[in-house]
Every structure is written in structure tokens, then in C-alpha cells.
Amino acid sequence: LDPLTSLANRRRLRGEMERVRTSGAAVIFLDVDNFKEINDRHGHIAGDACLLRIATTLTETFRSDDSLFRLGGDEFLVVAPGLGGEAARERVQRLREELAEADGNFPPCHLSVGIANLTPDGEPDAALREADDRMYIEKRRSKGQGERHHRGVLPEALG
């Protein structure tokens with residue numbers, strides 16, 4: 001387990017991907033936007049609070065049988081067995097809306113997200129790469145659009 005968030009860490013990922021391989025799953029990569037700026041401007045306590053808030057909100061937003069991971073730094077992953085693309089986008093939308101508001105003395109947390117579908121008997125590594133690639137496409141797009149991206153809209157291209 002990740003010591004800060006108590007989410008699973010990357011050591012559990014391979015086993016989880018093999019577990020859902022036969023049934024399929026939504027694979028959702030999440031990366032905190034401008035995390036270095038949060039740490040630099042507000043301090044590492046605020047950065048840790050942002051990560052903890054994301055972990056808590058992930059737990060509240062996704063189902064109990066979905067697997068939640070902190071891969072390291074400011075990167076998270078959700079493996080959601082049997083969750084379709086539209087349902088995954090709806091959950092990500094709720095997550096973003098919840099995190100977009102400041103929480104007490106801590107700033108809002110914004111995410112870049114990539115969603116891929118692991119088809120039944122599909123290739124787990126390909127789904128992970130696709131979700132990661134889509135997350136980076138969104139991150140580049142959001143940097144070009146500034147904060148307009150963070151109105152809680154998940155681009156249709158992600159799913």
C-alpha cells in the first residue's frame with residue numbers, strides 16, 4: 001500500500017490487470033495538473049493534502065470492487081471491471097467537480113485523465129499504454145487552453 005494515501009501501489013497492478021483480463025475493465029489514468037506549483041506555492045503539506053483528497057474522492061466516486069492505485073508522485077490509476085466508457089466518463093466528471101473547489105486552506109486539485117477499455121481477453125499492457133497516452137494528450141491540450149480545460153468537461157476524445 002502507498003503509505004500516504006493507503007491506496008494500492010504499482011506492485012499490485014500486474015495481478016489486478018490479470019484478474020480483470022477475462023472480463024474486461026475501464027482503465028483510467030489520472031495525473032494532477034501543476035502539482036509542482038501546488039507544492040512550490042502552498043507547501044508540501046498542501047501537496048500531500050491534495051493527494052489525500054484525491055484518494056478519498058476516488059474511493060467515494062468509484063465502486064468498492066474497482067481497484068484504486070497511487071502509482072507514485074501525482075499519478076493515480078483506476079481499474080474498473082465491467083465499467084463502460086460512458087459510465088467511466090461520468091465518474092471522472094463527478095471526481096473533477098468535487099476536486100475543483102478549494103478545500104479549506106488548500107487549493108483546488110485539477111486532473112488530466114485518460115480512459116481506455118480493456119476488452120475481455122484483451123492485452124493489459126496495451127490498455128495501460130492507451131490510457132496513459134490519452135492522459136498525456138489531454139495534459140498537453142489543457143496546457144494549451146489554460147484553465148478553460150478545468151471547467152469539469154472530459155473531452156469526448158477520451159473514450
# chains A, B, ... in the order shown; residues from 1 in each chain; ligands from 1

$ residues_around --residues "Val78 of chain A" --least-positions-apart "2" --cutoff "12 Å" --atoms "only C-alpha atoms" --output "mmCIF file with N, CA, C and O atoms, in the first residue's frame"
data_model
loop_
_atom_site.group_PDB
_atom_site.id
_atom_site.type_symbol
_atom_site.label_atom_id
_atom_site.label_comp_id
_atom_site.auth_asym_id
_atom_site.auth_seq_id
_atom_site.Cartn_x
_atom_site.Cartn_y
_atom_site.Cartn_z
ATOM 1 N N LEU A 7 -3.865 3.751 -0.716
ATOM 2 C CA LEU A 7 -4.307 3.070 -1.933
ATOM 3 C C LEU A 7 -3.259 2.024 -2.293
ATOM 4 O O LEU A 7 -2.116 2.074 -1.824
ATOM 5 N N ALA A 8 -3.649 1.089 -3.150
ATOM 6 C CA ALA A 8 -2.678 0.108 -3.642
ATOM 7 C C ALA A 8 -1.566 0.845 -4.386
ATOM 8 O O ALA A 8 -1.767 1.948 -4.919
ATOM 9 N N ASN A 9 -0.386 0.236 -4.429
ATOM 10 C CA ASN A 9 0.692 0.825 -5.213
ATOM 11 C C ASN A 9 0.934 -0.034 -6.457
ATOM 12 O O ASN A 9 0.244 -1.019 -6.695
ATOM 13 N N ARG A 10 1.909 0.355 -7.245
ATOM 14 C CA ARG A 10 2.133 -0.305 -8.535
ATOM 15 C C ARG A 10 2.489 -1.782 -8.408
ATOM 16 O O ARG A 10 2.331 -2.531 -9.350
ATOM 17 N N LEU A 13 -0.455 -3.849 -9.323
ATOM 18 C CA LEU A 13 -1.090 -3.576 -10.613
ATOM 19 C C LEU A 13 -1.103 -4.792 -11.538
ATOM 20 O O LEU A 13 -2.134 -5.119 -12.129
ATOM 21 N N GLU A 16 -3.746 -7.274 -10.574
ATOM 22 C CA GLU A 16 -5.096 -6.768 -10.810
ATOM 23 C C GLU A 16 -5.434 -6.791 -12.297
ATOM 24 O O GLU A 16 -6.548 -7.164 -12.682
ATOM 25 N N MET A 17 -4.498 -6.418 -13.138
ATOM 26 C CA MET A 17 -4.755 -6.430 -14.582
ATOM 27 C C MET A 17 -5.000 -7.859 -15.064
ATOM 28 O O MET A 17 -5.851 -8.083 -15.923
ATOM 29 N N ALA A 25 -12.310 -4.273 -18.465
ATOM 30 C CA ALA A 25 -12.366 -3.199 -17.470
ATOM 31 C C ALA A 25 -12.101 -1.858 -18.129
ATOM 32 O O ALA A 25 -11.456 -1.781 -19.177
ATOM 33 N N ALA A 26 -12.586 -0.808 -17.480
ATOM 34 C CA ALA A 26 -12.154 0.546 -17.824
ATOM 35 C C ALA A 26 -10.828 0.769 -17.099
ATOM 36 O O ALA A 26 -10.673 0.381 -15.929
ATOM 37 N N VAL A 27 -9.876 1.353 -17.798
ATOM 38 C CA VAL A 27 -8.570 1.669 -17.232
ATOM 39 C C VAL A 27 -8.436 3.193 -17.307
ATOM 40 O O VAL A 27 -8.505 3.770 -18.393
ATOM 41 N N ILE A 28 -8.279 3.832 -16.147
ATOM 42 C CA ILE A 28 -8.336 5.285 -16.066
ATOM 43 C C ILE A 28 -7.062 5.813 -15.415
ATOM 44 O O ILE A 28 -6.820 5.573 -14.224
ATOM 45 N N PHE A 29 -6.240 6.524 -16.183
ATOM 46 C CA PHE A 29 -5.043 7.180 -15.663
ATOM 47 C C PHE A 29 -5.406 8.593 -15.263
ATOM 48 O O PHE A 29 -6.117 9.287 -16.000
ATOM 49 N N LEU A 30 -4.915 9.038 -14.119
ATOM 50 C CA LEU A 30 -5.162 10.391 -13.639
ATOM 51 C C LEU A 30 -3.843 11.001 -13.192
ATOM 52 O O LEU A 30 -3.047 10.339 -12.511
ATOM 53 N N ASP A 31 -3.621 12.245 -13.557
ATOM 54 C CA ASP A 31 -2.403 12.948 -13.189
ATOM 55 C C ASP A 31 -2.797 14.342 -12.713
ATOM 56 O O ASP A 31 -3.584 15.026 -13.377
ATOM 57 N N ILE A 54 -7.610 13.538 -3.236
ATOM 58 C CA ILE A 54 -7.879 12.768 -4.448
ATOM 59 C C ILE A 54 -8.167 11.311 -4.088
ATOM 60 O O ILE A 54 -9.127 10.718 -4.577
ATOM 61 N N ALA A 55 -7.340 10.730 -3.226
ATOM 62 C CA ALA A 55 -7.544 9.326 -2.826
ATOM 63 C C ALA A 55 -8.914 9.142 -2.183
ATOM 64 O O ALA A 55 -9.637 8.191 -2.502
ATOM 65 N N LEU A 58 -11.616 9.547 -4.890
ATOM 66 C CA LEU A 58 -11.650 8.352 -5.735
ATOM 67 C C LEU A 58 -12.444 7.246 -5.047
ATOM 68 O O LEU A 58 -13.292 6.598 -5.656
ATOM 69 N N THR A 59 -12.182 7.041 -3.761
ATOM 70 C CA THR A 59 -12.868 6.000 -3.003
ATOM 71 C C THR A 59 -14.368 6.260 -2.948
ATOM 72 O O THR A 59 -15.170 5.326 -3.040
ATOM 73 N N THR A 61 -16.095 8.025 -5.206
ATOM 74 C CA THR A 61 -16.658 8.133 -6.550
ATOM 75 C C THR A 61 -16.765 6.789 -7.250
ATOM 76 O O THR A 61 -17.708 6.558 -8.004
ATOM 77 N N PHE A 62 -15.803 5.917 -7.020
ATOM 78 C CA PHE A 62 -15.791 4.632 -7.709
ATOM 79 C C PHE A 62 -16.380 3.546 -6.824
ATOM 80 O O PHE A 62 -16.595 3.735 -5.632
ATOM 81 N N ARG A 63 -16.649 2.412 -7.424
ATOM 82 C CA ARG A 63 -17.304 1.304 -6.745
ATOM 83 C C ARG A 63 -16.321 0.557 -5.845
ATOM 84 O O ARG A 63 -15.110 0.594 -6.080
ATOM 85 N N SER A 64 -16.859 -0.159 -4.883
ATOM 86 C CA SER A 64 -15.994 -0.875 -3.936
ATOM 87 C C SER A 64 -15.192 -1.983 -4.609
ATOM 88 O O SER A 64 -14.122 -2.348 -4.133
ATOM 89 N N ASP A 65 -15.669 -2.521 -5.746
ATOM 90 C CA ASP A 65 -14.905 -3.569 -6.431
ATOM 91 C C ASP A 65 -13.952 -3.018 -7.487
ATOM 92 O O ASP A 65 -13.260 -3.783 -8.154
ATOM 93 N N ASP A 66 -13.890 -1.692 -7.629
ATOM 94 C CA ASP A 66 -12.890 -1.072 -8.504
ATOM 95 C C ASP A 66 -11.574 -0.988 -7.744
ATOM 96 O O ASP A 66 -11.567 -0.795 -6.521
ATOM 97 N N SER A 67 -10.470 -1.135 -8.441
ATOM 98 C CA SER A 67 -9.154 -1.064 -7.804
ATOM 99 C C SER A 67 -8.556 0.314 -8.023
ATOM 100 O O SER A 67 -8.498 0.805 -9.150
ATOM 101 N N LEU A 68 -8.111 0.929 -6.935
ATOM 102 C CA LEU A 68 -7.559 2.278 -6.952
ATOM 103 C C LEU A 68 -6.081 2.216 -6.596
ATOM 104 O O LEU A 68 -5.706 1.570 -5.611
ATOM 105 N N PHE A 69 -5.273 2.911 -7.377
ATOM 106 C CA PHE A 69 -3.826 2.872 -7.205
ATOM 107 C C PHE A 69 -3.257 4.286 -7.145
ATOM 108 O O PHE A 69 -3.716 5.167 -7.876
ATOM 109 N N ARG A 70 -2.247 4.473 -6.312
ATOM 110 C CA ARG A 70 -1.361 5.624 -6.458
ATOM 111 C C ARG A 70 -0.080 5.039 -7.015
ATOM 112 O O ARG A 70 0.606 4.250 -6.355
ATOM 113 N N LEU A 71 0.205 5.416 -8.261
ATOM 114 C CA LEU A 71 1.364 4.838 -8.937
ATOM 115 C C LEU A 71 2.657 5.480 -8.481
ATOM 116 O O LEU A 71 3.729 4.922 -8.649
ATOM 117 N N GLU A 75 0.456 10.620 -9.724
ATOM 118 C CA GLU A 75 -0.237 9.776 -10.699
ATOM 119 C C GLU A 75 -1.078 8.708 -10.003
ATOM 120 O O GLU A 75 -0.603 8.027 -9.094
ATOM 121 N N PHE A 76 -2.317 8.583 -10.477
ATOM 122 C CA PHE A 76 -3.266 7.620 -9.943
ATOM 123 C C PHE A 76 -3.805 6.774 -11.086
ATOM 124 O O PHE A 76 -3.750 7.173 -12.248
ATOM 125 N N ALA A 80 -11.504 -0.538 -13.354
ATOM 126 C CA ALA A 80 -12.920 -0.710 -13.026
ATOM 127 C C ALA A 80 -13.522 -1.821 -13.875
ATOM 128 O O ALA A 80 -13.933 -1.588 -15.019
ATOM 129 N N PRO A 81 -13.595 -3.043 -13.337
ATOM 130 C CA PRO A 81 -14.121 -4.179 -14.107
ATOM 131 C C PRO A 81 -15.558 -3.934 -14.568
ATOM 132 O O PRO A 81 -16.409 -3.496 -13.789
ATOM 133 N N LEU A 83 -16.937 -1.680 -16.252
ATOM 134 C CA LEU A 83 -17.431 -0.302 -16.362
ATOM 135 C C LEU A 83 -17.242 0.192 -17.797
ATOM 136 O O LEU A 83 -16.127 0.177 -18.319
ATOM 137 N N ALA A 88 -17.619 5.472 -17.069
ATOM 138 C CA ALA A 88 -16.300 5.915 -16.603
ATOM 139 C C ALA A 88 -16.189 7.432 -16.731
ATOM 140 O O ALA A 88 -15.717 8.110 -15.806
ATOM 141 N N ARG A 91 -18.173 9.168 -13.974
ATOM 142 C CA ARG A 91 -17.498 9.121 -12.670
ATOM 143 C C ARG A 91 -16.328 10.098 -12.627
ATOM 144 O O ARG A 91 -16.120 10.774 -11.615
ATOM 145 N N VAL A 92 -15.593 10.187 -13.717
ATOM 146 C CA VAL A 92 -14.482 11.136 -13.772
ATOM 147 C C VAL A 92 -15.019 12.564 -13.683
ATOM 148 O O VAL A 92 -14.438 13.418 -13.008
ATOM 149 N N VAL A 113 -6.830 13.322 -17.455
ATOM 150 C CA VAL A 113 -7.333 11.960 -17.369
ATOM 151 C C VAL A 113 -7.286 11.289 -18.734
ATOM 152 O O VAL A 113 -7.564 11.928 -19.754
ATOM 153 N N GLY A 114 -6.958 10.026 -18.743
ATOM 154 C CA GLY A 114 -7.037 9.201 -19.945
ATOM 155 C C GLY A 114 -7.784 7.921 -19.631
ATOM 156 O O GLY A 114 -7.508 7.274 -18.626
ATOM 157 N N ILE A 115 -8.754 7.598 -20.475
ATOM 158 C CA ILE A 115 -9.577 6.404 -20.274
ATOM 159 C C ILE A 115 -9.377 5.453 -21.452
ATOM 160 O O ILE A 115 -9.424 5.884 -22.606
ATOM 161 N N ALA A 116 -9.160 4.189 -21.133
ATOM 162 C CA ALA A 116 -9.077 3.149 -22.164
ATOM 163 C C ALA A 116 -9.934 1.975 -21.726
ATOM 164 O O ALA A 116 -10.261 1.829 -20.548
ATOM 165 N N ASN A 117 -10.279 1.156 -22.694
ATOM 166 C CA ASN A 117 -11.092 -0.018 -22.431
ATOM 167 C C ASN A 117 -10.233 -1.271 -22.619
ATOM 168 O O ASN A 117 -9.682 -1.486 -23.693
ATOM 169 N N LEU A 128 -3.197 -0.147 -20.694
ATOM 170 C CA LEU A 128 -2.472 0.792 -19.830
ATOM 171 C C LEU A 128 -1.771 1.864 -20.657
ATOM 172 O O LEU A 128 -1.832 3.051 -20.323
ATOM 173 N N ALA A 131 -4.441 4.337 -22.105
ATOM 174 C CA ALA A 131 -4.943 5.272 -21.091
ATOM 175 C C ALA A 131 -3.883 6.316 -20.757
ATOM 176 O O ALA A 131 -4.185 7.512 -20.634
ATOM 177 N N ASP A 132 -2.639 5.884 -20.616
ATOM 178 C CA ASP A 132 -1.540 6.802 -20.322
ATOM 179 C C ASP A 132 -1.353 7.796 -21.472
ATOM 180 O O ASP A 132 -1.224 9.004 -21.243
#

$ atom_distance --atom1 "atom CA of Leu51 of chain A" --atom2 "atom CA of Leu1 of chain A"
14.4 Å

$ atom_distance --atom1 "atom CA of Asp121 of chain A" --atom2 "atom CA of Glu90 of chain A"
24.9 Å

$ select_by_dssp --residues "chain A" --states "helix (DSSP H, G or I)" --output "VMD selection string"
chain A and resid 10 to 20 35 to 42 44 to 61 85 to 99 124 to 150 156 to 158

$ atom_distance --atom1 "atom CA of Cys109 of chain A" --atom2 "atom CA of Arg96 of chain A"
8.2 Å

$ closest_residue --among "A:Leu52, A:Leu111, A:Ala126, A:Ile38" --to "Leu95 of chain A" --atoms "only C-alpha atoms"
A:Leu111

$ closest_residue --among "A:Asp33, A:Glu138, A:Glu60, A:Asp74" --to "His110 of chain A" --atoms "only C-alpha atoms"
A:Asp33

$ select_by_dssp --residues "segment 35-86 of chain A" --states "strand (DSSP E)" --output "VMD selection string"
chain A and resid 67 to 72 75 to 81

$ write_last_selection --atoms "N, CA and C atoms" --output "short mmCIF file (atom, residue, chain, number, x, y, z; two decimals), in the first residue's frame"
data_model
loop_
_atom_site.label_atom_id
_atom_site.label_comp_id
_atom_site.auth_asym_id
_atom_site.auth_seq_id
_atom_site.Cartn_x
_atom_site.Cartn_y
_atom_site.Cartn_z
N SER A 67 -10.47 -1.14 -8.44
CA SER A 67 -9.15 -1.06 -7.80
C SER A 67 -8.56 0.31 -8.02
N LEU A 68 -8.11 0.93 -6.94
CA LEU A 68 -7.56 2.28 -6.95
C LEU A 68 -6.08 2.22 -6.60
N PHE A 69 -5.27 2.91 -7.38
CA PHE A 69 -3.83 2.87 -7.21
C PHE A 69 -3.26 4.29 -7.14
N ARG A 70 -2.25 4.47 -6.31
CA ARG A 70 -1.36 5.62 -6.46
C ARG A 70 -0.08 5.04 -7.01
N LEU A 71 0.20 5.42 -8.26
CA LEU A 71 1.36 4.84 -8.94
C LEU A 71 2.66 5.48 -8.48
N GLY A 72 2.58 6.65 -7.92
CA GLY A 72 3.75 7.38 -7.45
C GLY A 72 3.57 8.85 -7.76
N GLU A 75 0.46 10.62 -9.72
CA GLU A 75 -0.24 9.78 -10.70
C GLU A 75 -1.08 8.71 -10.00
N PHE A 76 -2.32 8.58 -10.48
CA PHE A 76 -3.27 7.62 -9.94
C PHE A 76 -3.80 6.77 -11.09
N LEU A 77 -4.37 5.62 -10.74
CA LEU A 77 -4.95 4.73 -11.73
C LEU A 77 -6.17 4.06 -11.11
N VAL A 78 -7.21 3.91 -11.94
CA VAL A 78 -8.40 3.16 -11.54
C VAL A 78 -8.57 2.02 -12.54
N VAL A 79 -8.79 0.82 -12.04
CA VAL A 79 -9.14 -0.33 -12.87
C VAL A 79 -10.54 -0.74 -12.44
N ALA A 80 -11.50 -0.54 -13.35
CA ALA A 80 -12.92 -0.71 -13.03
C ALA A 80 -13.52 -1.82 -13.87
N PRO A 81 -13.59 -3.04 -13.34
CA PRO A 81 -14.12 -4.18 -14.11
C PRO A 81 -15.56 -3.93 -14.57
#
